[in-house]
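input_18.tsv follows; it contains TSV, C-alpha atoms (C1' of nucleotides).
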```tsv
chain	number	residue	atom	x	y	z
A	24	MET	CA	-39.55	114.67	18.46
A	25	GLY	CA	-42.10	116.72	20.25
A	26	ILE	CA	-44.24	119.52	18.93
A	27	ARG	CA	-42.57	119.99	15.60
A	28	ASP	CA	-42.93	116.88	13.51
A	29	ILE	CA	-42.50	118.63	10.19
A	30	ARG	CA	-38.86	118.86	9.22
A	31	ASN	CA	-37.10	121.34	7.04
A	32	THR	CA	-35.17	119.43	4.45
A	33	ARG	CA	-32.81	120.71	1.83
A	34	GLN	CA	-35.14	119.60	-0.94
A	35	LYS	CA	-38.17	121.25	0.60
A	36	THR	CA	-36.22	124.48	0.78
A	37	ALA	CA	-34.98	124.06	-2.77
A	38	ILE	CA	-38.56	123.64	-3.97
A	39	ARG	CA	-39.73	126.75	-2.18
A	40	GLU	CA	-36.81	128.68	-3.62
A	41	ALA	CA	-37.68	127.44	-7.09
A	42	PHE	CA	-41.10	129.01	-6.82
A	43	ALA	CA	-39.79	132.19	-5.25
A	44	GLU	CA	-37.24	132.68	-8.00
A	45	ALA	CA	-39.40	131.70	-10.95
A	46	ASP	CA	-42.14	134.18	-10.10
A	47	ARG	CA	-44.52	132.37	-12.41
A	48	PRO	CA	-46.68	129.24	-12.18
A	49	LEU	CA	-44.62	126.07	-12.44
A	50	ALA	CA	-45.46	122.57	-13.55
A	51	PRO	CA	-44.04	119.72	-11.44
A	52	GLU	CA	-41.39	118.94	-14.06
A	53	GLU	CA	-40.30	122.58	-14.06
A	54	VAL	CA	-40.11	122.55	-10.29
A	55	LEU	CA	-37.92	119.49	-10.51
A	56	ARG	CA	-35.48	121.17	-12.88
A	57	LEU	CA	-35.33	124.42	-10.96
A	58	ALA	CA	-35.09	122.80	-7.54
A	59	GLN	CA	-32.20	120.66	-8.68
A	60	ARG	CA	-30.15	123.80	-9.16
A	61	HIS	CA	-30.32	124.31	-5.42
A	62	HIS	CA	-30.01	120.72	-4.35
A	63	ARG	CA	-28.92	118.09	-6.82
A	64	GLY	CA	-30.69	114.79	-6.63
A	65	VAL	CA	-34.18	115.98	-5.85
A	66	GLY	CA	-36.62	113.34	-7.03
A	67	ILE	CA	-39.89	113.89	-8.83
A	68	ALA	CA	-41.79	112.11	-6.05
A	69	THR	CA	-40.48	114.61	-3.56
A	70	VAL	CA	-41.58	117.41	-5.82
A	71	TYR	CA	-45.11	116.08	-5.97
A	72	ARG	CA	-45.17	115.41	-2.24
A	73	ASN	CA	-44.02	118.90	-1.39
A	74	ILE	CA	-46.29	120.59	-3.87
A	75	GLN	CA	-49.15	118.74	-2.26
A	76	ALA	CA	-48.00	119.75	1.20
A	77	LEU	CA	-47.47	123.37	0.20
A	78	VAL	CA	-50.93	123.50	-1.32
A	79	ALA	CA	-52.39	121.99	1.84
A	80	GLU	CA	-50.73	124.58	4.02
A	81	GLY	CA	-51.84	127.37	1.72
A	82	TRP	CA	-48.43	128.44	0.47
A	83	LEU	CA	-49.13	127.22	-3.06
A	84	GLN	CA	-52.21	127.31	-5.20
A	85	PRO	CA	-53.01	125.16	-8.25
A	86	VAL	CA	-53.37	126.82	-11.64
A	87	GLU	CA	-55.23	124.75	-14.16
A	88	VAL	CA	-54.46	125.27	-17.82
A	89	PRO	CA	-56.56	124.28	-20.83
A	90	GLY	CA	-55.16	121.13	-22.37
A	91	ASP	CA	-52.01	121.06	-20.28
A	92	ALA	CA	-50.69	119.81	-16.97
A	93	ALA	CA	-51.53	121.74	-13.83
A	94	ARG	CA	-49.17	124.44	-12.64
A	95	TYR	CA	-48.75	125.80	-9.14
A	96	GLU	CA	-48.08	129.31	-8.00
A	97	VAL	CA	-47.40	131.05	-4.73
A	98	ALA	CA	-50.74	131.77	-3.12
A	99	GLY	CA	-52.09	135.09	-1.98
A	100	LYS	CA	-51.66	137.12	-5.13
A	101	LYS	CA	-54.44	139.45	-6.08
A	102	HIS	CA	-56.87	138.51	-8.85
A	103	HIS	CA	-54.97	137.99	-12.07
A	104	HIS	CA	-54.83	135.82	-15.16
A	105	HIS	CA	-52.26	134.00	-17.22
A	106	PHE	CA	-50.34	134.03	-20.45
A	107	GLN	CA	-49.13	130.87	-22.09
A	108	CYS	CA	-46.40	130.88	-24.70
A	109	ASN	CA	-47.28	128.82	-27.74
A	110	GLU	CA	-43.61	128.05	-28.31
A	111	CYS	CA	-42.17	127.01	-24.97
A	112	GLY	CA	-45.41	126.34	-23.10
A	113	LYS	CA	-44.37	128.39	-20.11
A	114	LEU	CA	-47.09	130.07	-18.13
A	115	TYR	CA	-46.74	133.67	-16.96
A	116	ASP	CA	-48.74	135.93	-14.72
A	117	LEU	CA	-50.67	138.81	-16.19
A	118	GLU	CA	-51.49	141.76	-14.02
A	119	GLY	CA	-55.05	142.88	-13.73
A	120	CYS	CA	-58.22	141.44	-15.14
A	121	ALA	CA	-59.39	141.62	-18.72
A	122	ALA	CA	-63.01	140.79	-18.00
A	123	GLN	CA	-64.54	144.21	-18.02
A	124	SER	CA	-68.03	142.91	-18.50
A	125	ARG	CA	-69.22	139.40	-17.97
A	126	PRO	CA	-70.84	137.95	-21.05
A	127	LYS	CA	-74.54	137.40	-20.66
A	128	LEU	CA	-75.25	133.96	-19.28
A	129	PRO	CA	-78.03	131.69	-20.47
A	130	LYS	CA	-81.29	132.10	-18.59
A	131	GLY	CA	-81.16	130.65	-15.11
A	132	PHE	CA	-77.39	130.30	-14.93
A	133	ARG	CA	-75.42	131.72	-12.03
A	134	ALA	CA	-71.80	132.80	-12.32
A	135	SER	CA	-69.29	132.50	-9.53
A	136	GLY	CA	-65.95	133.15	-11.19
A	137	HIS	CA	-63.95	133.17	-14.35
A	138	LYS	CA	-60.58	132.34	-15.86
A	139	PHE	CA	-58.82	134.16	-18.63
A	140	TYR	CA	-55.87	133.00	-20.67
A	141	VAL	CA	-53.90	134.92	-23.24
A	142	TYR	CA	-51.82	133.02	-25.76
A	143	GLY	CA	-48.94	134.13	-27.90
A	144	THR	CA	-45.18	134.26	-27.82
A	145	CYS	CA	-43.13	135.20	-24.81
A	146	ALA	CA	-40.14	137.50	-25.05
A	147	ALA	CA	-37.67	134.67	-24.76
A	148	CYS	CA	-39.22	132.89	-27.74
A	149	ILE	CA	-39.40	135.86	-30.09
A	150	PRO	CA	-36.32	135.71	-32.32
A	151	SER	CA	-34.30	138.79	-31.54
A	152	HIS	CA	-34.66	141.24	-34.41
A	153	SER	CA	-31.25	142.81	-34.31
B	20	MET	CA	-66.42	100.63	-54.19
B	21	GLY	CA	-65.13	103.34	-56.44
B	22	ILE	CA	-64.94	107.01	-55.64
B	23	ARG	CA	-66.71	107.00	-52.33
B	24	ASP	CA	-64.72	105.00	-49.84
B	25	ILE	CA	-66.15	106.73	-46.79
B	26	ARG	CA	-69.35	105.08	-45.69
B	27	ASN	CA	-72.23	106.49	-43.76
B	28	THR	CA	-72.91	104.25	-40.84
B	29	ARG	CA	-75.71	104.37	-38.32
B	30	GLN	CA	-73.25	105.13	-35.53
B	31	LYS	CA	-71.56	107.92	-37.45
B	32	THR	CA	-74.95	109.50	-38.01
B	33	ALA	CA	-75.89	108.99	-34.37
B	34	ILE	CA	-72.72	110.79	-33.31
B	35	ARG	CA	-73.37	113.73	-35.58
B	36	GLU	CA	-76.92	113.93	-34.29
B	37	ALA	CA	-75.65	113.92	-30.73
B	38	PHE	CA	-73.64	117.05	-31.42
B	39	ALA	CA	-76.41	118.72	-33.35
B	40	GLU	CA	-78.92	118.13	-30.57
B	41	ALA	CA	-76.69	118.94	-27.65
B	42	ASP	CA	-75.73	122.35	-29.00
B	43	ARG	CA	-72.84	122.52	-26.58
B	44	PRO	CA	-69.32	121.09	-26.44
B	45	LEU	CA	-69.31	117.39	-25.61
B	46	ALA	CA	-66.74	115.13	-24.04
B	47	PRO	CA	-66.30	111.70	-25.64
B	48	GLU	CA	-68.17	110.00	-22.81
B	49	GLU	CA	-71.07	112.39	-23.27
B	50	VAL	CA	-71.09	111.70	-26.99
B	51	LEU	CA	-71.25	108.01	-26.20
B	52	ARG	CA	-74.30	108.42	-24.00
B	53	LEU	CA	-76.13	110.72	-26.36
B	54	ALA	CA	-75.31	108.76	-29.50
B	55	GLN	CA	-76.62	105.59	-27.91
B	56	ARG	CA	-80.07	107.12	-27.80
B	57	HIS	CA	-80.04	107.09	-31.55
B	58	HIS	CA	-78.31	103.78	-32.09
B	59	ARG	CA	-77.89	101.41	-29.19
B	60	GLY	CA	-74.59	99.61	-29.00
B	61	VAL	CA	-72.30	102.39	-30.11
B	62	GLY	CA	-68.86	101.69	-28.69
B	63	ILE	CA	-66.47	104.18	-27.15
B	64	ALA	CA	-63.81	103.32	-29.72
B	65	THR	CA	-66.17	104.31	-32.49
B	66	VAL	CA	-66.85	107.57	-30.72
B	67	TYR	CA	-63.16	108.42	-30.54
B	68	ARG	CA	-62.62	107.35	-34.13
B	69	ASN	CA	-65.44	109.46	-35.44
B	70	ILE	CA	-64.57	112.47	-33.35
B	71	GLN	CA	-61.09	112.26	-34.81
B	72	ALA	CA	-62.48	111.96	-38.32
B	73	LEU	CA	-64.93	114.80	-37.84
B	74	VAL	CA	-62.17	117.04	-36.51
B	75	ALA	CA	-60.00	116.11	-39.49
B	76	GLU	CA	-62.72	117.01	-41.94
B	77	GLY	CA	-63.41	120.27	-40.12
B	78	TRP	CA	-66.89	119.47	-38.89
B	79	LEU	CA	-65.80	119.38	-35.26
B	80	GLN	CA	-63.35	121.47	-33.32
B	81	PRO	CA	-61.63	120.62	-30.03
B	82	VAL	CA	-62.39	122.70	-26.96
B	83	GLU	CA	-59.82	122.46	-24.23
B	84	VAL	CA	-60.91	123.02	-20.67
B	85	PRO	CA	-58.76	123.85	-17.66
B	86	GLY	CA	-58.24	120.73	-15.60
B	87	ASP	CA	-60.73	118.62	-17.48
B	88	ALA	CA	-60.99	116.31	-20.46
B	89	ALA	CA	-61.22	117.83	-23.92
B	90	ARG	CA	-64.61	118.57	-25.38
B	91	TYR	CA	-65.60	118.94	-29.02
B	92	GLU	CA	-68.02	121.28	-30.65
B	93	VAL	CA	-69.41	121.86	-34.10
B	94	ALA	CA	-66.95	124.03	-35.96
B	95	GLY	CA	-67.62	127.32	-37.67
B	96	LYS	CA	-69.22	129.22	-34.84
B	97	LYS	CA	-68.22	132.81	-34.38
B	98	HIS	CA	-65.82	133.81	-31.64
B	99	HIS	CA	-67.26	132.83	-28.30
B	100	HIS	CA	-66.30	131.46	-24.91
B	101	HIS	CA	-67.53	128.86	-22.48
B	102	PHE	CA	-69.28	128.31	-19.20
B	103	GLN	CA	-68.61	125.30	-17.04
B	104	CYS	CA	-71.01	124.21	-14.33
B	105	ASN	CA	-69.27	123.47	-11.05
B	106	GLU	CA	-71.92	120.91	-10.20
B	107	CYS	CA	-72.38	118.74	-13.27
B	108	GLY	CA	-69.26	119.70	-15.16
B	109	LYS	CA	-71.13	120.35	-18.38
B	110	LEU	CA	-69.70	122.94	-20.72
B	111	TYR	CA	-71.93	125.50	-22.41
B	112	ASP	CA	-71.40	128.11	-25.05
B	113	LEU	CA	-71.47	131.77	-24.13
B	114	GLU	CA	-72.32	134.32	-26.75
B	115	GLY	CA	-69.96	137.15	-27.39
B	116	CYS	CA	-66.61	137.94	-25.91
B	117	ALA	CA	-65.91	139.29	-22.47
B	118	ALA	CA	-62.42	140.52	-23.24
B	119	GLN	CA	-63.06	144.17	-23.77
B	120	SER	CA	-59.48	145.17	-23.25
B	121	ARG	CA	-56.49	142.92	-23.31
B	122	PRO	CA	-54.48	143.08	-20.13
B	123	LYS	CA	-51.07	144.62	-20.61
B	124	LEU	CA	-48.52	141.99	-21.48
B	125	PRO	CA	-45.01	141.83	-20.09
B	126	LYS	CA	-42.43	143.70	-22.13
B	127	GLY	CA	-41.56	141.91	-25.35
B	128	PHE	CA	-44.50	139.51	-25.32
B	129	ARG	CA	-46.78	139.15	-28.31
B	130	ALA	CA	-50.40	138.04	-28.02
B	131	SER	CA	-52.21	136.00	-30.62
B	132	GLY	CA	-55.39	134.87	-28.94
B	133	HIS	CA	-57.22	134.26	-25.73
B	134	LYS	CA	-59.63	131.94	-23.97
B	135	PHE	CA	-62.22	132.86	-21.42
B	136	TYR	CA	-64.13	130.58	-19.09
B	137	VAL	CA	-66.95	131.45	-16.76
B	138	TYR	CA	-67.74	129.14	-13.87
B	139	GLY	CA	-70.84	128.77	-11.80
B	140	THR	CA	-74.04	126.77	-11.69
B	141	CYS	CA	-76.13	125.94	-14.71
B	142	ALA	CA	-79.91	126.22	-14.67
B	143	ALA	CA	-80.37	122.48	-14.41
B	144	CYS	CA	-78.24	122.34	-11.27
B	145	ILE	CA	-79.81	125.25	-9.42
B	146	PRO	CA	-82.39	123.77	-7.04
B	147	SER	CA	-85.75	125.05	-8.16
B	148	HIS	CA	-86.90	127.71	-5.71
B	149	SER	CA	-90.62	127.06	-5.86
C	8	DG	C1'	-23.88	112.46	19.42
C	9	DC	C1'	-27.88	109.67	19.66
C	10	DA	C1'	-32.20	107.91	18.73
C	11	DA	C1'	-36.81	108.41	17.05
C	12	DT	C1'	-38.94	109.04	12.98
C	13	DA	C1'	-40.13	112.31	9.12
C	14	DA	C1'	-38.69	112.70	4.55
C	15	DT	C1'	-36.47	111.10	0.60
C	16	DG	C1'	-35.51	108.54	-3.84
C	17	DA	C1'	-36.31	104.87	-6.94
C	18	DT	C1'	-39.74	102.73	-8.82
C	19	DA	C1'	-44.08	100.23	-8.88
C	20	DA	C1'	-48.83	101.10	-9.10
C	21	DT	C1'	-52.82	103.71	-10.33
C	22	DA	C1'	-56.01	106.59	-12.83
C	23	DG	C1'	-57.81	108.82	-16.66
C	24	DT	C1'	-57.70	109.40	-21.45
C	25	DA	C1'	-56.84	108.03	-25.97
C	26	DT	C1'	-55.16	104.83	-29.63
C	27	DA	C1'	-54.14	100.11	-31.73
C	28	DT	C1'	-55.54	95.45	-32.82
C	29	DC	C1'	-58.36	92.31	-35.12
C	30	DA	C1'	-62.12	89.29	-35.97
C	31	DT	C1'	-66.81	90.37	-37.30
C	32	DT	C1'	-70.41	93.27	-39.34
C	33	DA	C1'	-72.50	96.34	-42.46
C	34	DT	C1'	-72.28	99.64	-46.33
C	35	DC	C1'	-72.75	100.67	-51.10
C	36	DG	C1'	-71.34	100.52	-56.12
C	37	DT	C1'	-72.28	97.30	-59.28
D	23	DA	C1'	-78.27	90.36	-54.07
D	24	DC	C1'	-73.24	90.21	-54.23
D	25	DG	C1'	-68.81	91.18	-52.88
D	26	DA	C1'	-64.96	94.19	-51.76
D	27	DT	C1'	-63.72	96.44	-47.93
D	28	DA	C1'	-64.68	100.38	-44.67
D	29	DA	C1'	-66.30	100.58	-40.13
D	30	DT	C1'	-67.47	98.64	-35.86
D	31	DG	C1'	-67.08	96.65	-31.02
D	32	DA	C1'	-64.53	94.54	-27.52
D	33	DT	C1'	-60.55	94.87	-25.54
D	34	DA	C1'	-55.64	95.29	-25.21
D	35	DT	C1'	-52.24	98.64	-25.23
D	36	DA	C1'	-50.12	103.15	-24.76
D	37	DC	C1'	-49.45	107.41	-22.55
D	38	DT	C1'	-49.24	110.94	-19.30
D	39	DA	C1'	-49.78	112.58	-14.85
D	40	DT	C1'	-49.93	111.51	-10.17
D	41	DT	C1'	-49.84	108.62	-5.99
D	42	DA	C1'	-48.27	104.57	-3.19
D	43	DT	C1'	-44.62	101.54	-1.48
D	44	DC	C1'	-40.70	100.80	1.18
D	45	DA	C1'	-35.98	100.47	2.27
D	46	DT	C1'	-32.68	104.10	3.20
D	47	DT	C1'	-31.29	108.74	4.63
D	48	DA	C1'	-31.30	112.83	7.23
D	49	DT	C1'	-33.39	116.06	10.59
D	50	DT	C1'	-34.17	117.52	15.19
D	51	DG	C1'	-35.09	117.44	20.29
D	52	DC	C1'	-32.67	115.88	23.85
```

Entire entry expressed as structure tokens:
Amino acid sequence: MGIRDIRNTRQKTAIREAFAEADRPLAPEEVLRLAQRHHRGVGIATVYRNIQALVAEGWLQPVEVPGDAARYEVAGKKHHHHFQCNECGKLYDLEGCAAQSRPKLPKGFRASGHKFYVYGTCAACIPSHS
Amino acid sequence: MGIRDIRNTRQKTAIREAFAEADRPLAPEEVLRLAQRHHRGVGIATVYRNIQALVAEGWLQPVEVPGDAARYEVAGKKHHHHFQCNECGKLYDLEGCAAQSRPKLPKGFRASGHKFYVYGTCAACIPSHS
DNA sequence: GCAATAATGATAATAGTATATCATTATCGT
DNA sequence: ACGATAATGATATACTATTATCATTATTGC
């Protein structure tokens, strides 16, 4: 081969496109479904492998969710938090940060970061009132 | 037996005491360790069983944590959030609520609740500077 | 096109967490 | 104290999420 020993496969491209299109954090199973629209026959193992690779190269970033499987989102976004729909479970980005003031920590504790999650119903899951 | 068909066992008491003493959300494995101080020989199955029972009767309440096993805490506390130590992984209660203003949701979304987690180092894990 | 080999897909294996099984033990009304 | 049976402990099993295996496929430099 030579210098370049990382190949661009159809499935790798399909996975990147899935993230680019979704514009929200995706769980591996969601990546699988979305990537298959671009290239049928993508396997779940390939999804995991590529997620891992994309995280390693800094293109993706893990998003942990309370009581749910990890999601991944395109890295490099500015500080933000997430919304999870109670109905469909999908995770969405929220702009900005709701933590105006940090709550007072117990004596001797040191804070280094925070995570904020809003729950509710996403637009797609609210029965249309028409 | 008669009316009362729920019995008070040493291990059930030990588990309740573990929660009362800890005063913070506990994972099942932590409950096991702490309960064994009160009654040696408590098994992990008994811990899970009693946690489940205590949740069912409303004495305990699950606390989900991003990317970590569920914890349980004594129910009935007022709205609060949690701190997780990056070093030891222990979860602690934080008084009050840091969400002064809800971040603006996407169009058509409806919020029903939120969760807030602060990360950092707990007092026990900060090397004493003496 | 060809050849070297990275990547894939199907699935087995693993890991972590939680529940089910069941013989034995211990609780509690009598 | 007795006895009916709830609860336990040890462990097997289930489940979900993720990684490893390996024969096959497909990419890329030449």

Residue contacts of region 16-31 of chain C (9 Å, all atoms listed in the file) excluding same-chain residues fewer than 3 positions away, as a PyMOL selection string: (chain A and resi 64-69) or (chain B and resi 64+67+88) or (chain D and resi 30-31+33-43+46)

Using only C-alpha atoms: which of A:Gly81, A:Gly112, A:Gly99, A:Pro48 has the shortest distance to Thr144 (chain A): A:Gly112

How would you write as a PDB file with C-alpha atoms (C1' of nucleotides), in the coordinates of the input the residues that get within 7 Å of (-70.8, 100.7, -48.5) in the file's frame, counting all atoms listed in the file?
```pdb
ATOM      1  CA  ARG B  26     -69.350 105.080 -45.690  1.00  0.00           C
TER       2      ARG B  26
ATOM      3  C1'  DT C  34     -72.280  99.640 -46.330  1.00  0.00           C
ATOM      4  C1'  DC C  35     -72.750 100.670 -51.100  1.00  0.00           C
TER       5       DC C  35
END
```

Residues of chain C within 7 Å of chain A, all atoms listed in the file counted, as a ChimeraX atom specification: /C:11,13,15-16

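CA of Asp42 (chain B) to CA of Gln107 (chain A) spans 28.8 Å [interatomic distance, one decimal].
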
Quick one: everything within 6 Å of Gln84 (chain A), counting only C-alpha atoms (C1' of nucleotides), minus sequence neighbours fewer than 2 positions away in the same chain. Send it as a CSV table (one decimal) with C-alpha atoms, keeping the file's coordinate frame.
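The resulting file, part-v1.csv, is reproduced below:
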```
chain,number,residue,atom,x,y,z
A,78,VAL,CA,-50.9,123.5,-1.3
A,95,TYR,CA,-48.8,125.8,-9.1
A,96,GLU,CA,-48.1,129.3,-8.0
A,98,ALA,CA,-50.7,131.8,-3.1
```

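Atom to atom, CA of Lys97 (chain B) and CA of Gly115 (chain B) stand 8.4 Å apart.
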
Residues of chain B within 7 Å of chain A, counting all atoms listed in the file, as a PyMOL selection string: chain B and resi 83-86+113-122+124+127-142

Counting only C-alpha atoms (C1' of nucleotides), chain D residues within 9 Å of chain B, as a PyMOL selection string: chain D and resi 26-32

C1' of DT50 (chain D) to CA of Glu80 (chain A), straight-line distance in Å: 21.2 Å

Please return region 65-88 of chain B, rebuilt to N, CA and C atoms, as a short mmCIF file (atom, residue, chain, number, x, y, z; two decimals), in the coordinates of the input.
```
data_model
loop_
_atom_site.label_atom_id
_atom_site.label_comp_id
_atom_site.auth_asym_id
_atom_site.auth_seq_id
_atom_site.Cartn_x
_atom_site.Cartn_y
_atom_site.Cartn_z
N THR B 65 -65.56 103.69 -31.32
CA THR B 65 -66.17 104.31 -32.49
C THR B 65 -66.37 105.81 -32.26
N VAL B 66 -66.70 106.16 -31.04
CA VAL B 66 -66.85 107.57 -30.72
C VAL B 66 -65.54 108.30 -30.94
N TYR B 67 -64.47 107.78 -30.38
CA TYR B 67 -63.16 108.42 -30.54
C TYR B 67 -62.76 108.48 -32.01
N ARG B 68 -62.99 107.39 -32.71
CA ARG B 68 -62.62 107.35 -34.13
C ARG B 68 -63.37 108.41 -34.93
N ASN B 69 -64.65 108.53 -34.65
CA ASN B 69 -65.44 109.46 -35.44
C ASN B 69 -65.18 110.90 -35.04
N ILE B 70 -64.93 111.12 -33.76
CA ILE B 70 -64.57 112.47 -33.35
C ILE B 70 -63.31 112.89 -34.10
N GLN B 71 -62.35 111.97 -34.12
CA GLN B 71 -61.09 112.26 -34.81
C GLN B 71 -61.33 112.56 -36.29
N ALA B 72 -62.18 111.76 -36.91
CA ALA B 72 -62.48 111.96 -38.32
C ALA B 72 -63.20 113.28 -38.55
N LEU B 73 -64.14 113.58 -37.68
CA LEU B 73 -64.93 114.80 -37.84
C LEU B 73 -64.08 116.04 -37.60
N VAL B 74 -63.11 115.92 -36.71
CA VAL B 74 -62.17 117.04 -36.51
C VAL B 74 -61.32 117.19 -37.77
N ALA B 75 -60.87 116.06 -38.31
CA ALA B 75 -60.00 116.11 -39.49
C ALA B 75 -60.72 116.73 -40.68
N GLU B 76 -62.00 116.46 -40.80
CA GLU B 76 -62.72 117.01 -41.94
C GLU B 76 -63.31 118.39 -41.64
N GLY B 77 -63.03 118.90 -40.44
CA GLY B 77 -63.41 120.27 -40.12
C GLY B 77 -64.84 120.44 -39.64
N TRP B 78 -65.50 119.35 -39.35
CA TRP B 78 -66.89 119.47 -38.89
C TRP B 78 -66.92 119.71 -37.38
N LEU B 79 -65.94 119.17 -36.71
CA LEU B 79 -65.80 119.38 -35.26
C LEU B 79 -64.52 120.14 -34.97
N GLN B 80 -64.47 120.66 -33.76
CA GLN B 80 -63.35 121.47 -33.32
C GLN B 80 -63.12 121.18 -31.84
N PRO B 81 -61.88 120.92 -31.45
CA PRO B 81 -61.63 120.62 -30.03
C PRO B 81 -61.79 121.86 -29.16
N VAL B 82 -62.27 121.64 -27.95
CA VAL B 82 -62.39 122.70 -26.96
C VAL B 82 -61.67 122.24 -25.70
N GLU B 83 -60.56 122.86 -25.41
CA GLU B 83 -59.82 122.46 -24.23
C GLU B 83 -60.36 123.19 -23.01
N VAL B 84 -60.35 122.48 -21.89
CA VAL B 84 -60.91 123.02 -20.67
C VAL B 84 -59.87 122.91 -19.56
N PRO B 85 -59.73 123.93 -18.75
CA PRO B 85 -58.76 123.85 -17.66
C PRO B 85 -59.06 122.69 -16.72
N GLY B 86 -58.10 121.80 -16.56
CA GLY B 86 -58.24 120.73 -15.60
C GLY B 86 -59.30 119.70 -15.90
N ASP B 87 -59.67 119.56 -17.15
CA ASP B 87 -60.73 118.62 -17.48
C ASP B 87 -60.47 118.03 -18.87
N ALA B 88 -61.18 116.96 -19.17
CA ALA B 88 -60.99 116.31 -20.46
C ALA B 88 -61.44 117.22 -21.59
#
```
